[in-house]
Amino acid sequence: MSMVTRTGLTRRGFVKTTGALWVAAGMGALPARAQAVKGGRLVVGMTGGAVSDTLDPRTFTSSGHACVGFTVGNCLTEIEKGSELVGELAESWESSADATEWRFNLRKGVTFHNGKAMTSADVVWSLNLHRGEDSTSGAKGLTGDITDIRTDGPDAIVVSLSRPNADLPYLFGDFHMLIVAEGATDFTAGVFTGPYQVVEYNPGESVVATRNPNYWKADRAHVDEVEILFVEDRAARINGIVTGELHMAQQIDEQAMQLIEQTQGVHIESHPSGGHSPILMHCDKAPFDNPDLRLAVKYAVDRQQILGLLQGGVLGNDHPIPPQDPFHAADIPQRMYDPDKAAFHLKQSGFDGTLPLSINNVAMAKSEEFAAAFQQSAGKAGLKIDIIREPSEGFWSEVWLKKPFMIGAWGGRPTADIMLTTAYHSAAAWNDSMWRRPEFDQIIDQARGETDFAKRKQLYHDAQLMIHEDGGSCVTFFRNNIDGVRDEVKGFYPAGSFNMSGLRAVERVWLET
């Protein structure tokens, strides 16, 4: 394998250099940090829990699950400040000249919570959990090009691909890809390699974990104990951060922001992201198998009004790649609210019934307001919407991927390929609009292996245009990540597209009293 050592690569820089050279990125320098204080008990409010939850990373579906995962486990890579890809359990990596074979050199001296030393066999087992026809993992769609994963001695693995993939190291930072012990199938005990180890787990309610005394990252895992609470009720979440019962809380809305900014001892962290809450339409069944009805929905949303409900964000254009992504298709004309066009496409579709829209604030803090505004704007085009308020419990297991018309939620992904492959590829387990087009799959597969940046950008442009024109996701906005943080919490910084410091805040912050 050819290798050139590189450090400190940003997402944009990685794409451009690998596009020309197909070489490895090693671990970059971490952000400069103030002197951390050890000790204390950190309490965090997250969303997306259910009584059916497990600690099996294959089952993770929400930001709350991912936060728990990164609290107890590690991946091969991670996204740091400035969307920089750095090594985690992998110290470095390199690819063959055609990028169809990658070698990951593993960190030595890492142990699991039970004291077992981590080896390459554990890593191979862990990554293979997400592969195969019978896999139900949310990361299954990302592994389709992998033909083999094998050990190369105790401290390295080699991954073989059926076609080039410039983004493979990013894939192995996905929150499903936590490294577990070889042979592990029962995750009840929560044995991983991460900063904290589980002492109490109440599915859908809370996780209590204590600092891993043998953690290999010297500058992480600062508090003695952490409790992650699943607080689905936004009023309770806001009250918790204001009163100090919570040190950090996710999904803060506009009204809560104003309250928090007026409250001593707490502040807002707001940062651009690729996160969005699309109106999802299942394209594989009536009535949304009709493209005119899908266009009627897209023209019937007053995007400016919806954006006005948020505190921070930008307009979306019915595809999932945000403006800050280097592959964003900026030249696609912005679709705006047009009741006349909506009425035209509605008439063309022949649909004259009422559409039941499933919602819950678990997916978006202001789903109620979003749905009400959409109902009103759609009504002006003659499109009738019935709002169905689904229960919080089981929303991700019983509503998402099952109800044909709903407001969903996506956190941004570190690369365009991962976003498009995870949510739109025909083979993706999380294709939540049920939109499947072989020609789209071909574009994505080709783009993944394209070494020329300009050509790759054109391919992703074509993919976004296809979704914009024909897809079943109405993406009205990209939201800012808005978290509430107590002032005694130090070391918080934005990282990647997810909130809560890329969902790794628990590992990164400390408490000052």
# chains A, B, ... in the order shown; residues from 1 in each chain; ligands from 1
>>> select_by_dssp(residues="region 430-507 of chain A", states="alpha helix (DSSP H)", output="count of residues only")
38
>>> residues_around(residues="region 399-401 of chain A", least_positions_apart="6", cutoff="12 Å", atoms="only C-alpha atoms", output="MDAnalysis selection string")
chainID A and resid 48 61:62 278:284 357:360 362:363 388:393 407:410 423 428:435
>>> closest_residue(among="A:Thr513, A:Gln305, A:Gln376, A:Ser83", to="Phe498 (chain A)", atoms="only C-alpha atoms")
A:Ser83
>>> atom_distance(atom1="CA of Val124 (chain A)", atom2="CA of Thr143 (chain A)")
13.0 Å
>>> closest_residue(among="A:Gly449, A:Gly471, A:Pro339, A:Pro195", to="Ala296 (chain A)", atoms="only C-alpha atoms")
A:Pro339
>>> closest_residue(among="A:Ile444, A:Ala221, A:Leu355, A:Ile321", to="Gly411 (chain A)", atoms="only C-alpha atoms")
A:Ile321
>>> closest_residue(among="A:Gly190, A:Gly69, A:Gly265, A:Gly274", to="Thr243 (chain A)", atoms="only C-alpha atoms")
A:Gly265
>>> residues_around(residues="Lys457 (chain A)", least_positions_apart="2", cutoff="10 Å", atoms="only C-alpha atoms", output="ChimeraX atom specification")
/A:326-329,416,447,450,452-455,459-463
>>> closest_residue(among="A:Thr71, A:Ser273, A:Ser135, A:Thr47", to="Thr210 (chain A)", atoms="only C-alpha atoms")
A:Thr71
>>> residues_around(residues="Pro320 (chain A)", least_positions_apart="3", cutoff="8 Å", atoms="only C-alpha atoms", output="mmCIF file with N, CA and C atoms, in the first residue's frame")
data_model
loop_
_atom_site.group_PDB
_atom_site.id
_atom_site.type_symbol
_atom_site.label_atom_id
_atom_site.label_comp_id
_atom_site.auth_asym_id
_atom_site.auth_seq_id
_atom_site.Cartn_x
_atom_site.Cartn_y
_atom_site.Cartn_z
ATOM 1 N N GLY A 274 -26.157 19.907 9.613
ATOM 2 C CA GLY A 274 -26.891 19.293 8.521
ATOM 3 C C GLY A 274 -28.179 18.647 8.991
ATOM 4 N N HIS A 276 -31.963 18.018 9.921
ATOM 5 C CA HIS A 276 -33.202 18.479 9.309
ATOM 6 C C HIS A 276 -34.354 17.562 9.719
ATOM 7 N N GLY A 316 -34.133 24.733 3.383
ATOM 8 C CA GLY A 316 -33.800 23.498 2.704
ATOM 9 C C GLY A 316 -34.453 23.458 1.338
ATOM 10 N N MET A 419 -24.614 10.385 4.095
ATOM 11 C CA MET A 419 -25.998 10.840 4.196
ATOM 12 C C MET A 419 -26.865 10.221 3.108
ATOM 13 N N LEU A 420 -26.401 10.295 1.881
ATOM 14 C CA LEU A 420 -27.190 9.798 0.753
ATOM 15 C C LEU A 420 -27.317 8.280 0.776
ATOM 16 N N GLN A 464 -28.545 14.939 -5.904
ATOM 17 C CA GLN A 464 -29.406 15.879 -5.175
ATOM 18 C C GLN A 464 -30.565 16.359 -6.040
ATOM 19 N N VAL A 475 -37.595 18.501 2.416
ATOM 20 C CA VAL A 475 -36.637 19.089 3.363
ATOM 21 C C VAL A 475 -36.806 20.595 3.327
#
>>> atom_distance(atom1="CA of His222 (chain A)", atom2="CA of Gly40 (chain A)")
8.3 Å
>>> closest_residue(among="A:Pro494, A:Gly350, A:Gly394, A:Pro438", to="Leu293 (chain A)", atoms="only C-alpha atoms")
A:Gly350
>>> residues_around(residues="Leu42 (chain A)", least_positions_apart="4", cutoff="9 Å", atoms="only C-alpha atoms", output="PyMOL selection string")
chain A and resi 223-228+246-248+489+506+510-511
